[in-house]
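**Student:** Handing you this structure, nothing more for now.
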Amino acid sequence: MSSPSINLFSASSDNDVVHWLANDTRDERFIDNIFAELCVRLQRAGIPVKRASLHVLTYHPQWLGARIIWVDGMREAEVDRVDYDVRGRSEYIGSPANEIHDGATQVRENLERNPALGRKHAVYGEMRANGLTDYVAWPLYHTLGKRHIVTFATDRSGGFDDAHMVSLLKLLPILALVSEIRIKNRLARTLLETYVGPHAGELILAGATRRGSGTTVRAAIMICDLRDFTRISDNWTRDEVIDLLNAYFDMMSEPIARHGGEILKFIGDGLLAIFPLSQPSACANLLRAVAEARQAMIAMNEKNSEAGREPLNYGIGVHVGDVMYGNIGSRTRLDFTVIGPAVNLASRLESLTKQLGKQVLLSRAFADFVRSDFDLEHVGEHRVRGFGHPIELFAYHG
């Protein structure tokens, strides 16, 4: 049986937790680690926390936010991603999170009383089944009106007493500051990964933001373009076109990422990706990604055919060479990308796919890396705009 908190909790231990949270967490990068340690320290200070959670909005392209859950005995908190559709599901409707997001400044539930007299939601039943006696949720205020949520629950007979509640409330402003820093760091990283890719994002976060700064990278370059997009845009509705582009980019992008490539940009209905040759199997990985994307496109075209739509076609140009990888642009607007003759040739080969009737064209320089492992079709030498000599080309059919 738990002892009364007055014998376990003192002003000095309360201040110890606040001091630790405000001053000794600066070297910890992740909020889930800080939150788990906070709960353990609260227990040591005499606050009988048995379960706690932190609900944060992250605005990831796929995920609305994350739910960080700690339960007594855990060495680390669990992190669950929350998708954008959650607010229409029963797990959210009528939940404490729903009440807080609707404007409540506190949600407290006595879990020892008759359930018929309390709030009706599955989460309260689950907590009662786990022996919890009291639950409280508060908004966690960040700057510019952003509201996240923190919750605490206990199994102490009689629930949290007044001293416990005062001490938990005292932590909230510090927890808000500490969590906002980590969440915004994570958001900045997520936005950079989303818009420029993980590798470029890391470089930018590390300070590579000066115009003209960059490095020379030897890489396999892949440029892909969707065919007849103007006609599709004219004949399909706006929402259909957006859904089409998203599905097409998913089919192309996911194999590229899975095989170690990095997409640097989407250009309308096209994309530019590189596979740095620092990876020994970079060129083979590029073709494996192309083969997987091709299979996905075949499946998509079968569905389009069933819906009475014409099949989608695409062209891919592939070359290998040195590229300048870095910041290019105006004084106030930069693009982290690759430039150089190798990129230009990959672009020209993508354009040639239409003329030669091949979906994937490879330069001889690239083909030499993979000819022993992949079946390639030799299509001869061809003049390429902007280059003074014919380029020997190969086709890959996946």
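Naming works like this for the structure tokens: A, B, ... for the chains as they're shown, residue 1 at the start of each chain, ligands 1 onward in shown order.
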Enumerate as a ChimeraX atom specification all residues of segment 48-278 of chain A assigned to strand (DSSP E) by DSSP on the backbone, naming them with the chain letters and numbers the document uses.
**Tutor:** /A:51-57,63-71,78-83,107-110,134-141,147-154,214-226,262-267,270-276
**Student:** Write out, as CSV, each residue of segment 101-193 of chain A that has an atom at most 9 Å from segment 21-27 of chain A, together with the closest pair of atoms and their distance in Å to one decimal, counting only C-alpha atoms, rows going by chain and rising number.
**Tutor:**
residue,atom,partner,partner_atom,distance
A:Leu171,CA,A:Leu21,CA,8.4
A:Ile174,CA,A:Ala22,CA,6.2
A:Leu175,CA,A:Leu21,CA,7.2
A:Leu177,CA,A:Ala22,CA,8.6
A:Val178,CA,A:Ala22,CA,7.3
**Student:** Mind writing the picked residues with N, CA and C atoms as a short mmCIF file (atom, residue, chain, number, x, y, z; two decimals), in the first residue's frame?
**Tutor:**
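Result written to again.cif:
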data_model
loop_
_atom_site.label_atom_id
_atom_site.label_comp_id
_atom_site.auth_asym_id
_atom_site.auth_seq_id
_atom_site.Cartn_x
_atom_site.Cartn_y
_atom_site.Cartn_z
N LEU A 171 5.53 21.55 -13.17
CA LEU A 171 6.43 21.06 -14.21
C LEU A 171 6.02 21.49 -15.62
N ILE A 174 7.96 24.18 -17.78
CA ILE A 174 9.30 23.73 -18.15
C ILE A 174 9.23 22.61 -19.18
N LEU A 175 8.31 21.67 -18.96
CA LEU A 175 8.15 20.59 -19.94
C LEU A 175 7.74 21.14 -21.30
N LEU A 177 8.60 24.07 -22.60
CA LEU A 177 9.79 24.65 -23.23
C LEU A 177 10.73 23.56 -23.74
N VAL A 178 10.98 22.56 -22.90
CA VAL A 178 11.90 21.49 -23.26
C VAL A 178 11.35 20.69 -24.45
#
**Student:** Of the candidates A:Glu377, A:Asp228, A:Asp85, A:Glu292, which one gets nearest to Asp250 of chain A if we count only C-alpha atoms?
**Tutor:**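 Using only C-alpha atoms, the shortest distance to Asp250 of chain A belongs to A:Glu292.
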**Student:** Between A:Thr190, A:Ser179, A:Ser157, A:Gln295, which is the closest to Met252 of chain A once you count only C-alpha atoms?
**Tutor:** A:Gln295
**Student:** Find the residues around Tyr141 of chain A up to 9 Å (only C-alpha atoms counted), leave out those fewer than 3 positions away in its own chain, and share them as a list in words.
**Tutor:** Leu144, Gly145, Lys146, Arg147, His148, Ile149, Leu172, Pro173, Ala176, Leu177 and Glu180 of chain A
**Student:** Let me make sure I understand: among A:Leu140, A:Ser13, A:Asp102, A:Arg113, which one has the smallest atom-to-atom distance to Leu57 of chain A if we use only C-alpha atoms?
**Tutor:** A:Leu140
**Student:** Considering only C-alpha atoms, return as a PyMOL selection string whatever protein or nucleic-acid residues lie within 12 Å of Asn235 of chain A, sequence-local ones (same chain, fewer than 6 positions apart) excluded.
**Tutor:** chain A and resi 228-229+241+309-310
**Student:** Going by DSSP on the backbone, which residues of segment 332-388 of chain A come out as alpha helix (DSSP H)? List them as a PDB file with C-alpha atoms, in the first residue's frame.
**Tutor:**
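Generated output (part.pdb):
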ATOM      1  CA  PRO A 341      27.554  17.592 -67.629  1.00  0.00           C
ATOM      2  CA  ALA A 342      26.673  14.170 -66.163  1.00  0.00           C
ATOM      3  CA  VAL A 343      23.256  15.475 -65.079  1.00  0.00           C
ATOM      4  CA  ASN A 344      22.725  17.072 -68.472  1.00  0.00           C
ATOM      5  CA  LEU A 345      23.469  13.789 -70.257  1.00  0.00           C
ATOM      6  CA  ALA A 346      21.038  11.846 -68.052  1.00  0.00           C
ATOM      7  CA  SER A 347      18.390  14.435 -68.929  1.00  0.00           C
ATOM      8  CA  ARG A 348      19.122  14.119 -72.669  1.00  0.00           C
ATOM      9  CA  LEU A 349      18.871  10.327 -72.463  1.00  0.00           C
ATOM     10  CA  GLU A 350      15.475  10.607 -70.781  1.00  0.00           C
ATOM     11  CA  SER A 351      14.326  12.769 -73.716  1.00  0.00           C
ATOM     12  CA  LEU A 352      15.729  10.226 -76.196  1.00  0.00           C
ATOM     13  CA  THR A 353      13.550   7.450 -74.767  1.00  0.00           C
ATOM     14  CA  LYS A 354      10.607   8.899 -76.698  1.00  0.00           C
ATOM     15  CA  GLN A 355      12.524   9.004 -79.968  1.00  0.00           C
ATOM     16  CA  LEU A 356      13.979   5.498 -79.612  1.00  0.00           C
ATOM     17  CA  ARG A 364      27.810   3.157 -71.957  1.00  0.00           C
ATOM     18  CA  ALA A 365      29.635   4.616 -68.925  1.00  0.00           C
ATOM     19  CA  PHE A 366      26.838   3.410 -66.643  1.00  0.00           C
ATOM     20  CA  ALA A 367      26.289   0.117 -68.469  1.00  0.00           C
ATOM     21  CA  ASP A 368      29.926  -0.873 -67.933  1.00  0.00           C
ATOM     22  CA  PHE A 369      29.203  -1.064 -64.184  1.00  0.00           C
ATOM     23  CA  VAL A 370      26.323  -3.543 -64.559  1.00  0.00           C
TER      24      VAL A 370
END
